[in-house]
file upload.txt (compact mmCIF, C-alpha atoms)
# COMPACT_ATOMS: atom_id res chain seq x y z
CA MET A 17 -37.33 169.54 151.45
CA THR A 18 -34.21 169.92 153.53
CA GLU A 19 -33.35 168.09 156.75
CA GLN A 20 -30.50 169.02 159.06
CA TYR A 21 -28.34 166.87 161.26
CA ILE A 22 -25.44 167.20 163.65
CA ILE A 23 -22.86 164.45 163.26
CA ALA A 24 -19.73 164.53 165.43
CA GLY A 25 -20.41 168.21 166.00
CA MET A 26 -20.60 168.94 162.28
CA GLY A 27 -23.70 170.49 160.73
CA VAL A 28 -24.94 168.44 157.77
CA SER A 29 -27.94 169.23 155.59
CA ILE A 30 -29.58 166.91 153.09
CA ALA A 31 -31.93 168.36 150.48
CA ALA A 32 -34.00 166.21 148.11
CA PRO A 33 -37.43 166.19 146.43
CA ASP A 34 -40.24 165.57 148.97
CA ASP A 35 -41.42 162.45 147.15
CA LEU A 36 -37.99 160.84 146.87
CA PRO A 37 -38.48 157.18 147.96
CA LEU A 38 -34.84 157.10 149.10
CA TRP A 39 -35.71 159.45 151.97
CA ARG A 40 -36.67 156.26 153.80
CA ILE A 41 -33.05 155.04 153.52
CA VAL A 42 -31.67 158.41 154.62
CA ARG A 43 -34.00 158.73 157.62
CA GLN A 44 -33.41 155.20 158.87
CA ARG A 45 -29.82 156.23 159.52
CA PHE A 46 -29.92 159.99 160.02
CA VAL A 47 -33.00 160.62 162.17
CA PRO A 48 -31.13 160.00 165.45
CA PHE A 49 -28.81 162.85 164.43
CA ALA A 50 -31.56 165.39 163.63
CA ALA A 51 -30.62 168.95 164.60
CA ALA A 52 -32.91 170.56 167.19
CA GLU A 53 -32.52 174.00 165.63
CA ALA A 54 -31.77 175.35 162.17
CA LEU A 55 -28.05 175.53 161.48
CA GLU A 56 -25.56 176.77 158.90
CA PRO A 57 -24.30 173.45 157.49
CA ASP A 58 -20.59 172.59 157.26
CA LEU A 59 -21.60 170.04 154.65
CA ALA A 60 -24.60 170.67 152.36
CA ILE A 61 -25.77 167.66 150.35
CA THR A 62 -28.31 167.73 147.52
CA ILE A 63 -29.82 164.51 146.19
CA ALA A 64 -31.61 164.43 142.82
CA VAL A 65 -32.87 161.66 140.55
CA GLY A 66 -32.24 161.66 136.83
CA PRO A 67 -29.78 161.01 134.02
CA MET A 68 -26.07 161.08 134.87
CA PRO A 69 -24.38 164.44 134.13
CA ALA A 70 -21.74 164.50 131.39
CA PRO A 71 -18.30 163.73 132.85
CA GLN A 72 -15.95 166.67 133.47
CA GLY A 73 -12.27 166.79 134.31
CA GLU A 74 -9.38 164.35 134.19
CA THR A 75 -9.60 160.79 135.47
CA ILE A 76 -7.75 160.34 138.77
CA TYR A 77 -9.00 156.92 139.75
CA GLU A 78 -9.98 153.81 137.80
CA PRO A 79 -11.53 150.85 139.59
CA ASP A 80 -9.69 147.63 140.33
CA ASP A 81 -10.99 144.38 138.92
CA TYR A 82 -13.45 143.25 141.53
CA THR A 83 -15.27 139.97 141.11
CA GLU A 84 -17.54 139.95 144.16
CA ALA A 85 -20.98 140.99 142.92
CA GLU A 86 -21.99 143.01 145.99
CA VAL A 87 -18.95 145.30 145.89
CA ILE A 88 -19.55 148.97 145.17
CA THR A 89 -16.90 150.48 142.97
CA GLY A 90 -16.40 153.68 141.01
CA ARG A 91 -14.33 156.01 138.91
CA ALA A 92 -13.17 159.50 139.90
CA ARG A 93 -12.29 162.68 138.02
CA ARG A 94 -10.85 165.98 139.16
CA ARG A 95 -12.43 169.11 137.67
CA ARG A 96 -10.36 172.12 136.75
CA ASP A 97 -11.70 174.02 139.80
CA GLY A 98 -10.41 171.28 142.14
CA GLY A 99 -13.77 169.60 142.72
CA VAL A 100 -13.94 165.83 142.47
CA GLU A 101 -16.69 163.87 140.76
CA MET A 102 -17.26 160.15 141.01
CA ASP A 103 -19.43 157.52 139.33
CA PHE A 104 -20.52 154.56 141.41
CA TRP A 105 -21.92 151.19 140.50
CA LEU A 106 -22.42 147.73 141.91
CA VAL A 107 -20.14 145.15 140.33
CA ALA A 108 -23.29 143.04 139.77
CA SER A 109 -24.95 145.71 137.57
CA PRO A 110 -22.30 148.00 136.08
CA ASP A 111 -24.71 149.78 133.71
CA GLU A 112 -26.74 151.46 136.47
CA ARG A 113 -24.71 154.39 137.78
CA ALA A 114 -24.98 156.89 140.55
CA TRP A 115 -22.96 160.10 140.55
CA MET A 116 -21.49 162.53 143.08
CA HIS A 117 -19.70 165.85 142.87
CA ILE A 118 -17.89 167.29 145.87
CA ASP A 119 -16.56 170.83 145.58
CA ALA A 120 -12.92 171.82 146.11
CA ASP A 121 -13.67 173.08 149.64
CA LEU A 122 -15.39 169.80 150.55
CA GLY A 123 -18.43 171.68 151.82
CA ARG A 124 -20.98 171.06 149.05
CA VAL A 125 -22.01 167.75 147.55
CA GLU A 126 -24.40 166.98 144.68
CA ILE A 127 -25.64 163.42 144.25
CA MET A 128 -27.55 162.06 141.23
CA MET A 129 -29.34 158.73 141.65
CA PRO A 130 -30.66 156.59 138.76
CA ASP A 131 -34.39 156.93 138.11
CA GLY A 132 -36.76 154.12 139.05
CA ARG A 133 -34.15 151.96 140.74
CA ASP A 134 -34.84 152.46 144.42
CA ASP A 135 -33.66 148.98 145.45
CA TYR A 136 -30.39 149.76 143.73
CA GLY A 137 -30.20 153.24 145.19
CA ALA A 138 -30.77 151.79 148.64
CA SER A 139 -27.46 149.93 148.48
CA LEU A 140 -25.54 152.78 146.88
CA LEU A 141 -26.80 155.89 148.63
CA PRO A 142 -25.52 155.20 152.18
CA HIS A 143 -22.11 154.45 150.71
CA ILE A 144 -22.05 157.68 148.68
CA LEU A 145 -23.14 159.76 151.68
CA MET A 146 -20.41 158.12 153.74
CA LEU A 147 -17.70 158.93 151.17
CA ALA A 148 -18.87 162.54 151.05
CA PHE A 149 -18.89 162.83 154.83
CA MET A 150 -15.56 161.12 155.58
CA HIS A 151 -13.63 163.55 153.36
CA SER A 152 -15.54 166.69 154.26
CA SER A 153 -15.18 165.89 157.96
CA LEU A 154 -11.37 165.63 157.80
CA ARG A 155 -11.29 169.39 157.31
CA HIS A 156 -13.06 169.75 160.66
CA GLY A 157 -10.68 167.39 162.47
CA VAL A 158 -13.20 164.53 162.42
CA LEU A 159 -11.81 161.12 161.42
CA MET A 160 -13.89 158.11 160.41
CA PHE A 161 -12.44 154.91 161.82
CA HIS A 162 -12.85 151.35 160.67
CA SER A 163 -13.57 150.11 164.17
CA SER A 164 -16.05 148.61 166.56
CA ALA A 165 -16.73 151.07 169.35
CA VAL A 166 -18.14 150.60 172.84
CA MET A 167 -18.61 152.91 175.83
CA ALA A 168 -17.74 152.01 179.40
CA ASP A 169 -16.94 154.04 182.53
CA GLY A 170 -17.84 157.24 180.66
CA ARG A 171 -15.24 156.65 177.96
CA ALA A 172 -15.28 155.28 174.42
CA TYR A 173 -13.01 152.44 173.31
CA LEU A 174 -12.36 151.76 169.63
CA PHE A 175 -11.20 148.35 168.43
CA GLN A 176 -9.30 148.16 165.15
CA GLY A 177 -7.95 145.30 163.12
CA ARG A 178 -7.96 143.70 159.74
CA SER A 179 -11.31 142.28 158.63
CA GLY A 180 -11.91 138.95 160.26
CA THR A 181 -9.61 139.47 163.26
CA GLY A 182 -12.57 139.88 165.59
CA LYS A 183 -13.10 143.60 166.33
CA SER A 184 -16.83 143.14 166.44
CA THR A 185 -16.54 139.93 168.46
CA HIS A 186 -14.33 141.63 171.03
CA ALA A 187 -16.76 144.59 171.26
CA THR A 188 -19.65 142.16 171.83
CA LEU A 189 -17.63 140.46 174.58
CA TRP A 190 -17.30 143.82 176.33
CA LEU A 191 -21.07 144.38 176.11
CA LYS A 192 -21.71 140.97 177.70
CA ASN A 193 -18.99 140.96 180.34
CA ILE A 194 -18.14 144.53 181.36
CA PRO A 195 -20.77 146.02 183.67
CA GLY A 196 -22.33 149.15 182.17
CA ALA A 197 -20.75 148.70 178.73
CA ARG A 198 -22.89 149.96 175.84
CA PRO A 199 -22.47 149.91 172.06
CA LEU A 200 -21.48 153.14 170.28
CA ASN A 201 -21.03 151.96 166.67
CA ASP A 202 -20.13 148.62 165.13
CA ASP A 203 -18.05 149.64 162.13
CA HIS A 204 -17.67 153.38 161.43
CA PRO A 205 -17.36 155.49 164.59
CA LEU A 206 -16.02 159.04 164.35
CA VAL A 207 -13.30 160.75 166.37
CA ARG A 208 -13.02 164.51 166.69
CA SER A 209 -9.49 165.54 167.51
CA THR A 210 -8.97 169.17 168.50
CA PRO A 211 -5.71 171.14 168.33
CA GLU A 212 -5.98 171.44 172.13
CA GLY A 213 -5.46 167.70 172.38
CA GLU A 214 -9.01 166.66 173.16
CA ALA A 215 -10.32 163.51 171.46
CA ILE A 216 -14.03 162.68 171.48
CA ALA A 217 -15.59 159.57 169.92
CA TYR A 218 -19.04 159.74 168.30
CA GLY A 219 -21.56 157.35 166.80
CA SER A 220 -22.46 157.84 163.13
CA PRO A 221 -25.15 157.01 160.56
CA TRP A 222 -22.91 154.25 159.19
CA SER A 223 -22.25 151.03 161.04
CA GLY A 224 -21.44 148.25 158.57
CA LYS A 225 -24.01 145.47 158.58
CA THR A 226 -25.31 146.36 162.06
CA ALA A 227 -27.99 149.05 162.34
CA CYS A 228 -26.26 150.77 165.26
CA PHE A 229 -26.85 154.46 164.44
CA ARG A 230 -26.40 156.00 167.88
CA ASN A 231 -26.14 159.71 168.41
CA GLU A 232 -23.89 159.48 171.45
CA SER A 233 -20.37 160.52 172.32
CA ALA A 234 -17.72 160.09 174.98
CA PRO A 235 -14.09 161.08 175.50
CA LEU A 236 -11.90 158.59 173.66
CA GLY A 237 -10.39 156.22 176.26
CA ALA A 238 -8.11 154.20 174.01
CA LEU A 239 -7.53 152.90 170.48
CA VAL A 240 -6.98 149.16 170.65
CA ARG A 241 -5.73 146.98 167.83
CA ILE A 242 -7.15 143.44 168.02
CA GLU A 243 -4.94 140.52 167.03
CA ARG A 244 -5.93 136.89 167.38
CA ALA A 245 -3.72 134.92 169.75
CA LYS A 246 -3.66 132.01 172.16
CA ILE A 247 -3.41 134.32 175.15
CA ASN A 248 -5.13 137.47 176.43
CA GLU A 249 -2.62 140.28 176.75
CA LEU A 250 -2.62 144.06 176.26
CA ARG A 251 0.51 146.04 175.38
CA PRO A 252 1.06 149.69 174.47
CA LEU A 253 2.14 150.29 170.87
CA THR A 254 5.25 152.28 170.01
CA VAL A 255 4.42 155.61 168.31
CA PHE A 256 5.42 154.16 164.95
CA GLU A 257 3.25 151.10 165.41
CA ALA A 258 0.42 153.34 166.56
CA TYR A 259 0.79 155.53 163.49
CA ALA A 260 0.77 152.49 161.20
CA SER A 261 -2.25 151.07 162.98
CA LEU A 262 -4.21 154.32 162.77
CA THR A 263 -3.39 155.07 159.13
CA ALA A 264 -4.69 151.61 158.23
CA SER A 265 -7.89 152.30 160.19
CA VAL A 266 -8.83 155.89 159.28
CA PHE A 267 -10.87 155.88 156.06
CA TYR A 268 -10.08 158.08 153.11
CA LEU A 269 -9.36 157.91 149.40
CA PRO A 270 -5.82 159.07 148.60
CA PHE A 271 -6.77 160.74 145.30
CA PHE A 272 -8.51 163.56 147.17
CA GLY A 273 -5.10 165.18 147.21
CA GLU A 274 -2.10 166.21 149.20
CA ARG A 275 -3.85 168.83 151.35
CA LEU A 276 -6.30 166.29 152.77
CA ARG A 277 -3.48 163.79 153.23
CA GLU A 278 -1.62 166.37 155.35
CA ILE A 279 -4.67 167.15 157.46
CA ARG A 280 -5.21 163.45 158.08
CA HIS A 281 -1.55 162.90 158.92
CA ASN A 282 -1.52 165.76 161.43
CA ALA A 283 -4.73 164.58 163.08
CA ILE A 284 -3.37 161.05 163.44
CA GLU A 285 -0.08 162.29 164.93
CA ARG A 286 -2.06 164.37 167.40
CA LEU A 287 -4.18 161.38 168.41
CA ILE A 288 -1.11 159.23 169.00
CA MET A 289 0.24 161.83 171.40
CA THR A 290 -2.98 162.23 173.38
CA VAL A 291 -4.75 158.84 173.39
CA PRO A 292 -3.36 155.47 174.55
CA CYS A 293 -2.82 153.20 171.53
CA CYS A 294 -2.52 149.51 172.34
CA GLU A 295 -2.53 146.05 170.90
CA MET A 296 -4.77 143.40 172.45
CA ARG A 297 -3.66 139.90 171.57
CA CYS A 298 -6.63 137.79 172.48
CA LEU A 299 -8.89 134.81 172.29
CA PRO A 300 -12.57 135.27 171.46
CA ASP A 301 -13.63 134.72 175.09
CA ALA A 302 -15.09 136.57 178.07
CA GLU A 303 -11.68 136.68 179.75
CA ALA A 304 -10.33 138.73 176.82
CA ALA A 305 -12.83 141.53 177.47
CA ARG A 306 -12.09 141.51 181.22
CA VAL A 307 -8.29 141.55 180.72
CA CYS A 308 -8.54 144.34 178.14
CA HIS A 309 -10.86 146.48 180.28
CA LYS A 310 -8.80 145.94 183.44
CA SER A 311 -5.46 146.70 181.74
CA LEU A 312 -6.82 149.87 180.12
CA THR A 313 -8.29 151.03 183.43
CA GLU A 314 -4.97 150.44 185.20
CA MET A 315 -3.17 152.34 182.47
CA GLN A 316 -5.52 155.33 182.94
CA ASN A 317 -5.18 155.25 186.72
CA LYS A 318 -1.40 155.29 186.43
CA LYS A 319 -1.57 158.39 184.24
CA LYS A 320 -3.53 160.33 186.87
CA MET B 16 14.92 144.87 141.25
CA LYS B 17 12.20 147.33 142.22
CA ILE B 18 10.55 148.66 145.34
CA LYS B 19 7.02 147.27 145.49
CA LYS B 20 4.09 149.58 144.81
CA GLY B 21 1.69 150.56 147.56
CA PHE B 22 4.15 152.00 150.09
CA SER B 23 4.86 155.59 150.92
CA LEU B 24 7.51 157.43 152.89
CA ARG B 25 6.62 160.16 155.35
CA ARG B 26 7.86 161.72 158.55
CA VAL B 27 6.12 160.51 161.69
CA MET B 28 7.10 162.25 164.91
CA GLY B 29 10.01 163.68 162.97
CA ARG B 30 11.34 160.33 161.85
CA PRO B 31 11.16 158.92 158.28
CA MET B 32 8.84 155.95 158.09
CA VAL B 33 7.73 153.67 155.26
CA LEU B 34 4.09 152.65 155.39
CA ALA B 35 1.81 150.33 153.49
CA GLU B 36 -1.00 152.40 151.97
CA GLY B 37 -4.65 151.55 152.25
CA ASN B 38 -7.15 149.87 154.46
CA ASN B 39 -7.00 146.42 155.86
CA VAL B 40 -3.28 145.93 155.30
CA ASP B 41 -0.75 144.06 157.43
CA VAL B 42 0.54 147.19 159.17
CA PHE B 43 3.12 145.76 161.54
CA GLY B 44 4.68 143.13 159.28
CA LYS B 45 5.81 145.84 156.88
CA LEU B 46 6.47 148.69 159.27
CA LEU B 47 9.86 150.28 158.59
CA THR B 48 11.52 153.31 160.14
CA LEU B 49 14.58 154.80 158.44
CA ASN B 50 17.30 157.31 159.22
CA ASP B 51 17.70 160.39 157.03
CA SER B 52 20.12 158.82 154.56
CA GLY B 53 17.88 155.75 154.33
CA ALA B 54 14.98 158.06 153.52
CA GLN B 55 17.06 159.82 150.83
CA LEU B 56 18.00 156.48 149.33
CA TRP B 57 14.37 155.31 149.33
CA SER B 58 13.30 158.47 147.48
CA GLN B 59 16.03 157.89 144.88
CA LEU B 60 15.10 154.28 144.25
CA VAL B 61 11.32 154.22 144.48
CA GLY B 62 9.57 153.66 141.14
CA ARG B 63 12.85 152.73 139.38
CA ASP B 64 14.51 149.54 138.27
CA PHE B 65 17.80 149.41 140.18
CA GLU B 66 20.68 147.22 141.33
CA VAL B 67 22.70 147.38 144.56
CA ALA B 68 25.43 149.11 142.53
CA ASP B 69 23.04 151.99 141.67
CA ALA B 70 22.20 152.47 145.34
CA ALA B 71 25.89 152.41 146.27
CA ALA B 72 26.74 154.93 143.52
CA TYR B 73 24.10 157.28 144.88
CA LEU B 74 25.55 157.06 148.40
CA VAL B 75 29.05 157.82 147.09
CA ASP B 76 27.70 160.86 145.21
CA ALA B 77 25.49 162.17 147.97
CA TYR B 78 27.66 161.56 151.04
CA GLY B 79 31.18 161.27 149.63
CA ILE B 80 31.79 157.97 151.45
CA ASP B 81 34.21 155.44 149.99
CA PRO B 82 32.83 152.91 147.47
CA ALA B 83 33.41 149.84 149.67
CA GLN B 84 31.50 151.41 152.56
CA ALA B 85 28.75 152.54 150.18
CA ARG B 86 28.42 149.05 148.76
CA GLU B 87 28.08 147.63 152.27
CA ASP B 88 25.44 150.23 153.27
CA ALA B 89 23.50 149.68 150.05
CA GLU B 90 23.50 145.91 150.57
CA ARG B 91 22.23 146.37 154.10
CA PHE B 92 19.49 148.71 152.92
CA VAL B 93 18.31 146.31 150.23
CA ALA B 94 18.40 143.39 152.67
CA LEU B 95 16.26 145.37 155.12
CA LEU B 96 13.64 146.09 152.44
CA SER B 97 13.84 142.55 151.21
CA ASP B 98 13.23 141.16 154.71
CA LYS B 99 10.05 143.20 154.96
CA GLY B 100 8.90 141.96 151.56
CA LEU B 101 9.14 145.38 149.95
CA ILE B 102 11.27 144.32 146.96
CA ASP B 103 10.17 142.78 143.67
CA ALA B 104 13.11 140.89 142.20
call {"tool": "encode", "arguments": {"input": "upload.txt", "output": "structure tokens"}}
result
Amino acid sequence: MTEQYIIAGMGVSIAAPDDLPLWRIVRQRFVPFAAAEALEPDLAITIAVGPMPAPQGETIYEPDDYTEAEVITGRARRRRDGGVEMDFWLVASPDERAWMHIDADLGRVEIMMPDGRDDYGASLLPHILMLAFMHSSLRHGVLMFHSSAVMADGRAYLFQGRSGTGKSTHATLWLKNIPGARPLNDDHPLVRSTPEGEAIAYGSPWSGKTACFRNESAPLGALVRIERAKINELRPLTVFEAYASLTASVFYLPFFGERLREIRHNAIERLIMTVPCCEMRCLPDAEAARVCHKSLTEMQNKKK
Amino acid sequence: MKIKKGFSLRRVMGRPMVLAEGNNVDVFGKLLTLNDSGAQLWSQLVGRDFEVADAAAYLVDAYGIDPAQAREDAERFVALLSDKGLIDA
């Protein structure tokens, strides 16, 4: 059977055998994004179960030496026609592999999951679907951010930062202390940036460890880098700082090639020019959320 | 000495900029913007084993400046990279 979804304005179809137990994993995340009417997908994904296909093409990525057992890693090859195929495994059980092929146009994806290992597939499949989507979506001007995202006053605010700096904590502080604030996504929100300079933030079927799969969207109000400090203070970033901050926060794998790198670069430059990019140096307290919200609101009012 | 791996040069808003690649990196600590000759020099040196003298020789060749000036510029360039932690001795 085939199910269709709309994610950040992109049509996505997933086809798999009716009795595939992993449908449960797919639906848990994707059902909120179900398309109301049949569509012509921008990204068509097929999931099958069976033995891994024989490798084709030249190796373009070898995994690093990870030691943490829960890490998902993989190896990538580029086929002669420009398509990329990848093997995935959990560091804890390197002999059980899953496999993906994404075509040169980034519009068609085939996934092969190992037979009889649904527990294993449950950890791998969301990750594989995410990798397929984040590269395919770049072509449509949709960027996947490593961010916590909230909505307030009809706008979306994305908080970036290195792991452990408190993006998620700061987002939670907004939800508790800013009237009307609602969660959008806790780890992987999407931003559609149009050549006309519009930027819209969307929820997605991926949200880190939080099951926050919301099919909502709002104009992007600001991109805010969170840094731990002893004070609560917001400052605008210079364009170069903003570029550095965004490139560290927009997901992608560099081996997908120069064309995708260019698309990503152009989209990030466009965002910098159209959306306020700031740094919030803050404590993990209620005051931090209030200062951040107030400063961003003042900044927007000044622009008008 | 060598320029560390994991950094790339590209034009941002028309200006050459060196960036750490990848997710979850210290983006501001290593942020570096260059002028055009700095960018040229970076491209010459990246991936190679070099000394200040090599950088200076390149500047003499490329810009026809005198060797003393080139030496001074090359030293300044290396010190800048070194300050940002972009050099492996």
call {"tool": "interface_residues", "arguments": {"input": "upload.txt", "of": "chain A", "to": "chain B", "cutoff": "6 Å", "atoms": "only C-alpha atoms", "output": "VMD selection string"}}
result
chain A and resid 178 260 264
call {"tool": "write_last_selection", "arguments": {"input": "upload.txt", "atoms": "C-alpha atoms", "output": "PDB file, in the frame of the given file"}}
result
ATOM      1  CA  ARG A 178      -7.960 143.700 159.740  1.00  0.00           C
ATOM      2  CA  ALA A 260       0.770 152.490 161.200  1.00  0.00           C
ATOM      3  CA  ALA A 264      -4.690 151.610 158.230  1.00  0.00           C
TER       4      ALA A 264
END
call {"tool": "residues_around", "arguments": {"input": "upload.txt", "residues": "segment 147-155 of chain A", "least_positions_apart": "6", "cutoff": "9 Å", "atoms": "all atoms listed in the file", "output": "JSON, numbers by chain"}}
result
{"A": [24, 26, 28, 58, 59, 61, 116, 117, 118, 121, 122, 123, 124, 125, 267, 268, 269, 272, 276, 279, 280, 283]}
call {"tool": "write_last_selection", "arguments": {"input": "upload.txt", "atoms": "C-alpha atoms", "output": "compact mmCIF listing (two decimals), keeping the file's coordinate frame"}}
result
# COMPACT_ATOMS: atom_id res chain seq x y z
CA ALA A 24 -19.73 164.53 165.43
CA MET A 26 -20.60 168.94 162.28
CA VAL A 28 -24.94 168.44 157.77
CA ASP A 58 -20.59 172.59 157.26
CA LEU A 59 -21.60 170.04 154.65
CA ILE A 61 -25.77 167.66 150.35
CA MET A 116 -21.49 162.53 143.08
CA HIS A 117 -19.70 165.85 142.87
CA ILE A 118 -17.89 167.29 145.87
CA ASP A 121 -13.67 173.08 149.64
CA LEU A 122 -15.39 169.80 150.55
CA GLY A 123 -18.43 171.68 151.82
CA ARG A 124 -20.98 171.06 149.05
CA VAL A 125 -22.01 167.75 147.55
CA PHE A 267 -10.87 155.88 156.06
CA TYR A 268 -10.08 158.08 153.11
CA LEU A 269 -9.36 157.91 149.40
CA PHE A 272 -8.51 163.56 147.17
CA LEU A 276 -6.30 166.29 152.77
CA ILE A 279 -4.67 167.15 157.46
CA ARG A 280 -5.21 163.45 158.08
CA ALA A 283 -4.73 164.58 163.08
call {"tool": "residues_around", "arguments": {"input": "upload.txt", "residues": "Asp135 of chain A", "least_positions_apart": "5", "cutoff": "10 Å", "atoms": "all atoms listed in the file", "output": "VMD selection string"}}
result
chain A and resid 37 to 38 140
call {"tool": "residues_near_point", "arguments": {"input": "upload.txt", "point": "(13.9, 148.0, 140.1)", "cutoff": "9 Å", "atoms": "all atoms listed in the file", "output": "list in words"}}
result
Met16, Lys17, Ile18, Lys19, Leu60, Val61, Gly62, Arg63, Asp64, Phe65, Glu66, Ile102, Asp103 and Ala104 of chain B
call {"tool": "residues_around", "arguments": {"input": "upload.txt", "residues": "Tyr73 of chain B", "least_positions_apart": "5", "cutoff": "12 Å", "atoms": "only C-alpha atoms", "output": "tab-separated table (two decimals) with C-alpha atoms, in the coordinates of the input"}}
result
chain	number	residue	atom	x	y	z
B	52	SER	CA	20.12	158.82	154.56
B	53	GLY	CA	17.88	155.75	154.33
B	55	GLN	CA	17.06	159.82	150.83
B	56	LEU	CA	18.00	156.48	149.33
B	57	TRP	CA	14.37	155.31	149.33
B	58	SER	CA	13.30	158.47	147.48
B	59	GLN	CA	16.03	157.89	144.88
B	60	LEU	CA	15.10	154.28	144.25
B	65	PHE	CA	17.80	149.41	140.18
B	66	GLU	CA	20.68	147.22	141.33
B	67	VAL	CA	22.70	147.38	144.56
B	68	ALA	CA	25.43	149.11	142.53
B	78	TYR	CA	27.66	161.56	151.04
B	79	GLY	CA	31.18	161.27	149.63
B	80	ILE	CA	31.79	157.97	151.45
B	81	ASP	CA	34.21	155.44	149.99
B	82	PRO	CA	32.83	152.91	147.47
B	85	ALA	CA	28.75	152.54	150.18
B	86	ARG	CA	28.42	149.05	148.76
B	88	ASP	CA	25.44	150.23	153.27
B	89	ALA	CA	23.50	149.68	150.05
call {"tool": "closest_residue", "arguments": {"input": "upload.txt", "among": "A:Ala302, A:Ala120, A:Val240, A:Val107", "to": "Arg95 of chain A", "atoms": "all atoms listed in the file"}}
result
A:Ala120
call {"tool": "axis_aligned_box", "arguments": {"input": "upload.txt", "around": "segment 146-159 of chain A", "padding_each_side": "4 Å", "output": "lines of an AutoDock Vina configuration file"}}
result
center_x = -15.5
center_y = 163.9
center_z = 156.8
size_x = 17.7
size_y = 19.6
size_z = 19.4
call {"tool": "atom_distance", "arguments": {"input": "upload.txt", "atom1": "atom CA of Ala197 of chain A", "atom2": "atom CA of Val166 of chain A"}}
result
6.7 Å
call {"tool": "build_atoms", "arguments": {"input": "upload.txt", "residues": "segment 51-63 of chain A", "atoms": "N, CA, C and O atoms", "output": "mmCIF file, in the coordinates of the input"}}
result
data_model
loop_
_atom_site.group_PDB
_atom_site.id
_atom_site.type_symbol
_atom_site.label_atom_id
_atom_site.label_comp_id
_atom_site.auth_asym_id
_atom_site.auth_seq_id
_atom_site.Cartn_x
_atom_site.Cartn_y
_atom_site.Cartn_z
ATOM 1 N N ALA A 51 -30.973 167.733 163.855
ATOM 2 C CA ALA A 51 -30.620 168.950 164.600
ATOM 3 C C ALA A 51 -31.882 169.529 165.240
ATOM 4 O O ALA A 51 -32.946 169.537 164.620
ATOM 5 N N ALA A 52 -31.749 169.999 166.479
ATOM 6 C CA ALA A 52 -32.910 170.560 167.190
ATOM 7 C C ALA A 52 -33.275 171.925 166.630
ATOM 8 O O ALA A 52 -34.441 172.315 166.624
ATOM 9 N N GLU A 53 -32.275 172.650 166.161
ATOM 10 C CA GLU A 53 -32.520 174.000 165.630
ATOM 11 C C GLU A 53 -31.870 174.135 164.262
ATOM 12 O O GLU A 53 -30.941 173.390 163.944
ATOM 13 N N ALA A 54 -32.357 175.117 163.488
ATOM 14 C CA ALA A 54 -31.770 175.350 162.170
ATOM 15 C C ALA A 54 -30.304 175.730 162.318
ATOM 16 O O ALA A 54 -29.914 176.411 163.262
ATOM 17 N N LEU A 55 -29.484 175.262 161.391
ATOM 18 C CA LEU A 55 -28.050 175.530 161.480
ATOM 19 C C LEU A 55 -27.491 175.906 160.114
ATOM 20 O O LEU A 55 -28.120 175.687 159.085
ATOM 21 N N GLU A 56 -26.301 176.467 160.132
ATOM 22 C CA GLU A 56 -25.560 176.770 158.900
ATOM 23 C C GLU A 56 -24.685 175.541 158.642
ATOM 24 O O GLU A 56 -23.746 175.289 159.393
ATOM 25 N N PRO A 57 -25.003 174.730 157.618
ATOM 26 C CA PRO A 57 -24.300 173.450 157.490
ATOM 27 C C PRO A 57 -22.815 173.586 157.110
ATOM 28 O O PRO A 57 -22.453 174.461 156.318
ATOM 29 N N ASP A 58 -21.985 172.733 157.699
ATOM 30 C CA ASP A 58 -20.590 172.590 157.260
ATOM 31 C C ASP A 58 -20.538 171.785 155.975
ATOM 32 O O ASP A 58 -19.628 171.942 155.169
ATOM 33 N N LEU A 59 -21.518 170.890 155.843
ATOM 34 C CA LEU A 59 -21.600 170.040 154.650
ATOM 35 C C LEU A 59 -23.044 170.066 154.160
ATOM 36 O O LEU A 59 -23.957 169.655 154.883
ATOM 37 N N ALA A 60 -23.248 170.582 152.934
ATOM 38 C CA ALA A 60 -24.600 170.670 152.360
ATOM 39 C C ALA A 60 -24.710 169.685 151.205
ATOM 40 O O ALA A 60 -23.973 169.787 150.222
ATOM 41 N N ILE A 61 -25.623 168.729 151.345
ATOM 42 C CA ILE A 61 -25.770 167.660 150.350
ATOM 43 C C ILE A 61 -27.108 167.816 149.629
ATOM 44 O O ILE A 61 -28.134 168.037 150.276
ATOM 45 N N THR A 62 -27.078 167.705 148.308
ATOM 46 C CA THR A 62 -28.310 167.730 147.520
ATOM 47 C C THR A 62 -28.445 166.408 146.780
ATOM 48 O O THR A 62 -27.486 165.971 146.135
ATOM 49 N N ILE A 63 -29.603 165.768 146.904
ATOM 50 C CA ILE A 63 -29.820 164.510 146.190
ATOM 51 C C ILE A 63 -30.900 164.739 145.129
ATOM 52 O O ILE A 63 -31.968 165.271 145.438
#
